[in-house]
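The structure file target_0.cif is reproduced below (mmCIF, C-alpha atoms).
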data_query
#
loop_
_atom_site.group_PDB
_atom_site.id
_atom_site.type_symbol
_atom_site.label_atom_id
_atom_site.label_comp_id
_atom_site.auth_asym_id
_atom_site.auth_seq_id
_atom_site.Cartn_x
_atom_site.Cartn_y
_atom_site.Cartn_z
ATOM 1 C CA ALA A 41 21.263 4.173 -32.212
ATOM 2 C CA LYS A 42 21.258 2.631 -28.764
ATOM 3 C CA GLU A 43 18.158 0.980 -27.408
ATOM 4 C CA SER A 44 16.221 2.669 -24.613
ATOM 5 C CA VAL A 45 15.496 1.062 -21.282
ATOM 6 C CA VAL A 46 12.359 2.068 -19.384
ATOM 7 C CA ALA A 47 12.523 2.434 -15.601
ATOM 8 C CA ASN A 48 9.374 2.803 -13.501
ATOM 9 C CA SER A 49 11.000 5.121 -10.913
ATOM 10 C CA SER A 50 14.155 7.107 -10.224
ATOM 11 C CA TRP A 51 15.141 4.323 -7.799
ATOM 12 C CA THR A 52 14.983 1.769 -10.629
ATOM 13 C CA ARG A 53 16.914 4.199 -12.846
ATOM 14 C CA ASP A 54 19.677 4.357 -10.244
ATOM 15 C CA ARG A 55 19.863 0.541 -10.105
ATOM 16 C CA LEU A 56 20.160 0.433 -13.912
ATOM 17 C CA LEU A 57 22.986 2.993 -13.790
ATOM 18 C CA GLU A 58 24.746 0.880 -11.137
ATOM 19 C CA SER A 59 24.473 -2.155 -13.411
ATOM 20 C CA GLY A 60 26.179 -0.353 -16.286
ATOM 21 C CA VAL A 61 23.313 0.978 -18.393
ATOM 22 C CA GLU A 62 24.239 4.394 -19.789
ATOM 23 C CA ALA A 63 22.202 7.336 -18.502
ATOM 24 C CA GLU A 64 21.135 8.472 -21.980
ATOM 25 C CA GLN A 65 19.570 5.065 -22.616
ATOM 26 C CA ILE A 66 17.258 5.245 -19.595
ATOM 27 C CA ARG A 67 13.767 6.716 -19.752
ATOM 28 C CA VAL A 68 11.850 7.024 -16.481
ATOM 29 C CA ILE A 69 8.133 6.484 -16.986
ATOM 30 C CA VAL A 70 6.330 6.228 -13.673
ATOM 31 C CA GLY A 71 3.243 4.020 -13.974
ATOM 32 C CA GLY A 72 -0.219 5.453 -14.016
ATOM 33 C CA MET A 73 -3.753 4.524 -13.123
ATOM 34 C CA ASP A 74 -7.285 4.844 -14.443
ATOM 35 C CA ALA A 75 -8.238 8.363 -13.308
ATOM 36 C CA GLY A 76 -11.878 7.732 -14.222
ATOM 37 C CA LEU A 77 -12.047 4.783 -11.845
ATOM 38 C CA PHE A 78 -9.734 6.021 -9.086
ATOM 39 C CA SER A 79 -11.462 9.298 -8.290
ATOM 40 C CA PRO A 80 -13.446 10.700 -5.337
ATOM 41 C CA THR A 81 -16.986 9.503 -4.701
ATOM 42 C CA ALA A 82 -20.046 11.692 -4.234
ATOM 43 C CA ASP A 83 -21.644 9.239 -1.773
ATOM 44 C CA ARG A 84 -18.947 8.327 0.711
ATOM 45 C CA PRO A 85 -21.370 7.648 3.599
ATOM 46 C CA GLY A 86 -23.452 5.301 1.441
ATOM 47 C CA LEU A 87 -20.360 3.538 0.163
ATOM 48 C CA ARG A 88 -19.033 3.050 3.706
ATOM 49 C CA LYS A 89 -22.367 1.610 4.797
ATOM 50 C CA SER A 90 -22.451 -0.782 1.823
ATOM 51 C CA LEU A 91 -18.979 -2.037 2.788
ATOM 52 C CA GLY A 92 -19.971 -2.606 6.415
ATOM 53 C CA LEU A 93 -17.901 0.287 7.754
ATOM 54 C CA ASP A 94 -19.276 2.442 10.561
ATOM 55 C CA ALA A 95 -19.702 6.141 9.859
ATOM 56 C CA GLU A 96 -17.800 7.113 13.028
ATOM 57 C CA ASP A 97 -14.795 4.852 12.322
ATOM 58 C CA ILE A 98 -11.528 6.257 11.051
ATOM 59 C CA VAL A 99 -10.781 3.846 8.225
ATOM 60 C CA LEU A 100 -7.257 3.040 7.110
ATOM 61 C CA VAL A 101 -6.860 0.981 3.972
ATOM 62 C CA THR A 102 -3.830 -0.920 2.692
ATOM 63 C CA ALA A 103 -3.778 -2.842 -0.573
ATOM 64 C CA GLY A 104 -1.379 -5.234 -2.237
ATOM 65 C CA ASN A 105 0.201 -8.632 -2.170
ATOM 66 C CA LEU A 106 0.445 -9.774 1.446
ATOM 67 C CA SER A 107 4.198 -10.298 1.292
ATOM 68 C CA GLY A 108 7.245 -9.236 3.275
ATOM 69 C CA LYS A 109 8.169 -6.092 1.372
ATOM 70 C CA LYS A 110 4.710 -4.596 1.869
ATOM 71 C CA ASN A 111 5.252 -4.587 5.659
ATOM 72 C CA PHE A 112 1.602 -5.063 6.612
ATOM 73 C CA ASP A 113 2.703 -6.341 10.026
ATOM 74 C CA THR A 114 4.152 -2.954 10.996
ATOM 75 C CA VAL A 115 0.869 -1.227 10.162
ATOM 76 C CA ILE A 116 -1.073 -3.776 12.237
ATOM 77 C CA ARG A 117 1.322 -3.327 15.184
ATOM 78 C CA ALA A 118 1.019 0.466 14.942
ATOM 79 C CA LEU A 119 -2.758 0.156 14.842
ATOM 80 C CA ALA A 120 -2.681 -1.948 18.018
ATOM 81 C CA ARG A 121 -0.577 0.706 19.759
ATOM 82 C CA LEU A 122 -2.964 3.472 18.725
ATOM 83 C CA ILE A 123 -5.999 1.478 19.833
ATOM 84 C CA GLY A 124 -4.214 0.794 23.129
ATOM 85 C CA GLN A 125 -3.813 4.554 23.541
ATOM 86 C CA GLY A 126 -7.575 5.003 23.342
ATOM 87 C CA HIS A 127 -8.121 5.477 19.607
ATOM 88 C CA ASP A 128 -10.658 2.658 19.511
ATOM 89 C CA ASN A 129 -12.518 4.058 16.502
ATOM 90 C CA LEU A 130 -9.739 2.977 14.107
ATOM 91 C CA ARG A 131 -10.495 0.309 11.523
ATOM 92 C CA HIS A 132 -7.933 -1.167 9.110
ATOM 93 C CA VAL A 133 -9.119 -2.672 5.830
ATOM 94 C CA VAL A 134 -6.572 -4.973 4.187
ATOM 95 C CA VAL A 135 -7.215 -5.563 0.478
ATOM 96 C CA GLY A 136 -5.241 -8.374 -1.114
ATOM 97 C CA ASP A 137 -3.983 -11.869 -0.507
ATOM 98 C CA GLY A 138 -0.650 -13.576 -0.411
ATOM 99 C CA PRO A 139 1.792 -15.748 1.507
ATOM 100 C CA GLU A 140 1.604 -13.804 4.780
ATOM 101 C CA GLU A 141 -2.185 -13.631 5.068
ATOM 102 C CA GLU A 142 -2.588 -16.239 7.822
ATOM 103 C CA ASP A 143 0.374 -14.843 9.784
ATOM 104 C CA LEU A 144 -1.136 -11.350 9.615
ATOM 105 C CA LYS A 145 -4.527 -12.611 10.784
ATOM 106 C CA CYS A 146 -2.803 -14.395 13.692
ATOM 107 C CA LEU A 147 -0.884 -11.211 14.527
ATOM 108 C CA ALA A 148 -4.102 -9.156 14.661
ATOM 109 C CA ASN A 149 -5.649 -11.855 16.840
ATOM 110 C CA ASP A 150 -2.593 -12.012 19.164
ATOM 111 C CA LEU A 151 -2.673 -8.218 19.513
ATOM 112 C CA GLN A 152 -6.391 -8.449 20.345
ATOM 113 C CA ILE A 153 -7.455 -6.204 17.472
ATOM 114 C CA ALA A 154 -8.823 -8.851 15.085
ATOM 115 C CA ASP A 155 -12.219 -7.128 15.276
ATOM 116 C CA ARG A 156 -10.601 -3.879 14.030
ATOM 117 C CA VAL A 157 -8.694 -5.407 11.076
ATOM 118 C CA LEU A 158 -10.833 -6.485 8.135
ATOM 119 C CA PHE A 159 -9.184 -8.781 5.578
ATOM 120 C CA VAL A 160 -11.293 -8.580 2.414
ATOM 121 C CA GLY A 161 -9.077 -10.562 0.025
ATOM 122 C CA ARG A 162 -8.150 -9.723 -3.552
ATOM 123 C CA LYS A 163 -10.625 -7.383 -5.258
ATOM 124 C CA SER A 164 -11.334 -6.126 -8.766
ATOM 125 C CA GLN A 165 -10.060 -2.675 -9.667
ATOM 126 C CA ALA A 166 -13.594 -1.247 -9.326
ATOM 127 C CA ASP A 167 -14.047 -2.764 -5.861
ATOM 128 C CA LEU A 168 -10.570 -1.602 -4.821
ATOM 129 C CA ALA A 169 -11.486 1.946 -5.850
ATOM 130 C CA GLY A 170 -14.532 1.681 -3.575
ATOM 131 C CA TYR A 171 -12.371 0.789 -0.579
ATOM 132 C CA TYR A 172 -10.089 3.759 -1.262
ATOM 133 C CA GLN A 173 -13.095 6.057 -1.657
ATOM 134 C CA ALA A 174 -14.556 4.859 1.646
ATOM 135 C CA ALA A 175 -11.293 5.296 3.563
ATOM 136 C CA ASP A 176 -9.927 8.204 5.546
ATOM 137 C CA LEU A 177 -6.287 7.295 4.944
ATOM 138 C CA TYR A 178 -4.148 4.999 2.798
ATOM 139 C CA VAL A 179 -1.114 3.586 4.594
ATOM 140 C CA GLN A 180 1.564 1.234 3.331
ATOM 141 C CA ALA A 181 4.916 1.037 5.102
ATOM 142 C CA SER A 182 6.875 -0.875 2.449
ATOM 143 C CA ARG A 183 10.387 -2.016 3.353
ATOM 144 C CA ASN A 184 13.383 -3.656 1.746
ATOM 145 C CA HIS A 185 12.736 -7.318 2.455
ATOM 146 C CA ARG A 186 15.464 -9.969 2.377
ATOM 147 C CA LEU A 187 14.296 -13.183 0.744
ATOM 148 C CA GLU A 188 15.484 -16.674 1.722
ATOM 149 C CA SER A 189 17.707 -16.598 -1.381
ATOM 150 C CA GLY A 190 19.521 -13.580 0.070
ATOM 151 C CA GLU A 191 18.131 -11.238 -2.571
ATOM 152 C CA VAL A 192 16.314 -8.095 -1.477
ATOM 153 C CA ASP A 193 12.704 -7.552 -2.587
ATOM 154 C CA VAL A 194 11.986 -3.838 -2.967
ATOM 155 C CA GLU A 195 8.984 -1.657 -3.794
ATOM 156 C CA THR A 196 10.123 -0.257 -7.146
ATOM 157 C CA MET A 197 7.210 2.178 -7.530
ATOM 158 C CA GLY A 198 3.906 1.438 -5.793
ATOM 159 C CA ARG A 199 0.826 1.925 -7.964
ATOM 160 C CA THR A 200 -1.535 1.756 -4.972
ATOM 161 C CA TYR A 201 -0.231 5.124 -3.746
ATOM 162 C CA PHE A 202 -1.369 6.679 -7.057
ATOM 163 C CA GLU A 203 -4.725 4.974 -6.916
ATOM 164 C CA ALA A 204 -5.467 6.127 -3.353
ATOM 165 C CA GLY A 205 -4.288 9.641 -4.170
ATOM 166 C CA GLY A 206 -6.596 9.674 -7.187
ATOM 167 C CA CYS A 207 -9.463 9.029 -4.761
ATOM 168 C CA GLU A 208 -8.273 12.112 -2.845
ATOM 169 C CA ILE A 209 -7.462 10.443 0.451
ATOM 170 C CA PRO A 210 -4.211 11.181 2.309
ATOM 171 C CA VAL A 211 -1.413 8.689 1.649
ATOM 172 C CA ILE A 212 1.325 7.540 4.027
ATOM 173 C CA GLY A 213 4.284 5.565 2.721
ATOM 174 C CA ALA A 214 7.874 4.791 3.667
ATOM 175 C CA ARG A 215 10.912 6.422 2.069
ATOM 176 C CA VAL A 216 12.079 3.171 0.450
ATOM 177 C CA GLY A 217 12.755 1.962 -3.076
ATOM 178 C CA GLY A 218 10.711 3.829 -5.683
ATOM 179 C CA VAL A 219 8.071 5.160 -3.275
ATOM 180 C CA PRO A 220 9.621 8.679 -3.229
ATOM 181 C CA SER A 221 8.944 8.808 -6.988
ATOM 182 C CA VAL A 222 5.229 8.606 -6.166
ATOM 183 C CA ILE A 223 4.991 10.556 -2.881
ATOM 184 C CA GLU A 224 6.750 13.900 -2.977
ATOM 185 C CA ASN A 225 6.641 14.854 0.715
#
Output the structure of this file as structure tokens.
Amino acid sequence: AKESVVANSSWTRDRLLESGVEAEQIRVIVGGMDAGLFSPTADRPGLRKSLGLDAEDIVLVTAGNLSGKKNFDTVIRALARLIGQGHDNLRHVVVGDGPEEEDLKCLANDLQIADRVLFVGRKSQADLAGYYQAADLYVQASRNHRLESGEVDVETMGRTYFEAGGCEIPVIGARVGGVPSVIEN
């Protein structure tokens, strides 16, 4: 009997097929999340207040490693455009840390929206769930990112999309890598 290979998305499955793994060996098992933790909250206004978020703000949240493939800079640029068009009640909460953190903070400052982008650092799963529950929208515009080595870093699945969806907030993602395995439309 041949060994099975587990892929975390149909995109990963396709890469395995391209590398010569036989189709009958591949099992796609898309990752999951703790549905008890990542679920809606009964006290959203209280949670927002405890996190320092204004009740009238429209809160976007993005979570993950602050790296090239996550494309946080595009979200910050889009936010600046929307604020420039008069949508000054937008607030973007960035959960996570990583190599691009300082560059992203400088970008928000250069675009004159540093007061509308809140970098909260890496959080526990329970705290992360709270940020999702307090938000109006989850947005992550992942991209295929070319590394200095020439290799391409790709979002193979994207667990944060599941987690935000479990908290019953709308989710926006890019049609890249394994993201379409998590977001149907």
For Glu62 (chain A), list every protein, DNA or RNA residue within 12 Å, evaluated using all atoms listed in the file, and leave out those in the same chain fewer than 6 positions away; present the list as a CSV table (one decimal) with C-alpha atoms, in the coordinates of the input.
chain,number,residue,atom,x,y,z
A,42,LYS,CA,21.3,2.6,-28.8
A,43,GLU,CA,18.2,1.0,-27.4
A,44,SER,CA,16.2,2.7,-24.6
A,45,VAL,CA,15.5,1.1,-21.3
A,53,ARG,CA,16.9,4.2,-12.8
A,54,ASP,CA,19.7,4.4,-10.2
A,55,ARG,CA,19.9,0.5,-10.1
A,56,LEU,CA,20.2,0.4,-13.9
**Request:** Could you state which residues are captured by the PyMOL selection byres ((chain A and resi 111) around 7) in this file, as a count of residues only?
**Result:** 9
With a cut-off of 12 Å, could you pull out the residues of region 58-100 of chain A touching region 118-125 of chain A and give me the nearest pair of atoms for each, distance in Å to one decimal, using only C-alpha atoms, ordered by chain and ascending number, as CSV?
residue,atom,partner,partner_atom,distance
A:Ile98,CA,A:Leu119,CA,11.3
A:Val99,CA,A:Leu119,CA,11.0
A:Leu100,CA,A:Leu119,CA,9.4
File dump, residues just selected, C-alpha atoms, as a compact mmCIF listing (two decimals), keeping the file's coordinate frame:
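File again_34.txt, as written:
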# COMPACT_ATOMS: atom_id res chain seq x y z
CA ILE A 98 -11.53 6.26 11.05
CA VAL A 99 -10.78 3.85 8.22
CA LEU A 100 -7.26 3.04 7.11
**Prompt:** Could you work out how far CA of Ser107 (chain A) lies from CA of Leu147 (chain A), giving the answer in Å with one decimal?
**Reply:**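 Distance between the two atoms: 14.2 Å.
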Expanded to explicit residues, what is the PyMOL selection byres ((chain A and resi 169) around 12) for this file, as a PDB file with C-alpha atoms, in the frame of the given file?
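Result went into part-v6.pdb, see below:
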ATOM      1  CA  MET A  73      -3.753   4.524 -13.123  1.00  0.00           C
ATOM      2  CA  ASP A  74      -7.285   4.844 -14.443  1.00  0.00           C
ATOM      3  CA  ALA A  75      -8.238   8.363 -13.308  1.00  0.00           C
ATOM      4  CA  GLY A  76     -11.878   7.732 -14.222  1.00  0.00           C
ATOM      5  CA  LEU A  77     -12.047   4.783 -11.845  1.00  0.00           C
ATOM      6  CA  PHE A  78      -9.734   6.021  -9.086  1.00  0.00           C
ATOM      7  CA  SER A  79     -11.462   9.298  -8.290  1.00  0.00           C
ATOM      8  CA  PRO A  80     -13.446  10.700  -5.337  1.00  0.00           C
ATOM      9  CA  THR A  81     -16.986   9.503  -4.701  1.00  0.00           C
ATOM     10  CA  ARG A  84     -18.947   8.327   0.711  1.00  0.00           C
ATOM     11  CA  LEU A  87     -20.360   3.538   0.163  1.00  0.00           C
ATOM     12  CA  VAL A 101      -6.860   0.981   3.972  1.00  0.00           C
ATOM     13  CA  THR A 102      -3.830  -0.920   2.692  1.00  0.00           C
ATOM     14  CA  ALA A 103      -3.778  -2.842  -0.573  1.00  0.00           C
ATOM     15  CA  VAL A 135      -7.215  -5.563   0.478  1.00  0.00           C
ATOM     16  CA  LYS A 163     -10.625  -7.383  -5.258  1.00  0.00           C
ATOM     17  CA  SER A 164     -11.334  -6.126  -8.766  1.00  0.00           C
ATOM     18  CA  GLN A 165     -10.060  -2.675  -9.667  1.00  0.00           C
ATOM     19  CA  ALA A 166     -13.594  -1.247  -9.326  1.00  0.00           C
ATOM     20  CA  ASP A 167     -14.047  -2.764  -5.861  1.00  0.00           C
ATOM     21  CA  LEU A 168     -10.570  -1.602  -4.821  1.00  0.00           C
ATOM     22  CA  GLY A 170     -14.532   1.681  -3.575  1.00  0.00           C
ATOM     23  CA  TYR A 171     -12.371   0.789  -0.579  1.00  0.00           C
ATOM     24  CA  TYR A 172     -10.089   3.759  -1.262  1.00  0.00           C
ATOM     25  CA  GLN A 173     -13.095   6.057  -1.657  1.00  0.00           C
ATOM     26  CA  ALA A 174     -14.556   4.859   1.646  1.00  0.00           C
ATOM     27  CA  ALA A 175     -11.293   5.296   3.563  1.00  0.00           C
ATOM     28  CA  TYR A 178      -4.148   4.999   2.798  1.00  0.00           C
ATOM     29  CA  THR A 200      -1.535   1.756  -4.972  1.00  0.00           C
ATOM     30  CA  TYR A 201      -0.231   5.124  -3.746  1.00  0.00           C
ATOM     31  CA  PHE A 202      -1.369   6.679  -7.057  1.00  0.00           C
ATOM     32  CA  GLU A 203      -4.725   4.974  -6.916  1.00  0.00           C
ATOM     33  CA  ALA A 204      -5.467   6.127  -3.353  1.00  0.00           C
ATOM     34  CA  GLY A 205      -4.288   9.641  -4.170  1.00  0.00           C
ATOM     35  CA  GLY A 206      -6.596   9.674  -7.187  1.00  0.00           C
ATOM     36  CA  CYS A 207      -9.463   9.029  -4.761  1.00  0.00           C
ATOM     37  CA  GLU A 208      -8.273  12.112  -2.845  1.00  0.00           C
ATOM     38  CA  ILE A 209      -7.462  10.443   0.451  1.00  0.00           C
TER      39      ILE A 209
END
**Asked** Looking at all atoms listed in the file, which of A:Gly86, A:Val46, A:Leu106, A:Ala214 is the one that sits closest to Ala63 (chain A)?
**Response**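 Using all atoms listed in the file, the shortest distance to Ala63 (chain A) belongs to A:Val46.
Rounded to one decimal, CA of Val160 (chain A) and CA of Met197 (chain A) lie 23.6 Å from each other.
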**Request:** Identify all residues satisfying the PyMOL selection byres ((chain A and resi 142-146) around 9) in the given file; provide them as a ChimeraX atom specification.
**Result:** /A:106,112-113,116,138-141,147-151,154,157,159
**Item:** Nearest candidate to Asp94 (chain A) (options A:Ile223, A:Ile153, A:Ile66, A:Leu130; using only C-alpha atoms)
**Value:**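 For Asp94 (chain A), the nearest of the given residues is A:Leu130.
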**Fill in**
Expressed in Å, the length from CA of Ser49 (chain A) to CA of Ser221 (chain A) is 5.8 Å
If I wrap all listed atoms of region 41-47 of chain A in a box with edges along x, y and z and add 5 Å on each side, what are its centre and edge lengths in Å to one decimal, as lines of an AutoDock Vina configuration file?
center_x = 16.8
center_y = 2.6
center_z = -23.9
size_x = 18.9
size_y = 13.2
size_z = 26.6
**Message:** Calculated over all atoms listed in the file, which of the candidates A:Gly198, A:Gly190, A:Gly136, A:Pro210 has the smallest distance to Leu177 (chain A)?
**Reply:**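 The closest residue to Leu177 (chain A) is A:Pro210.
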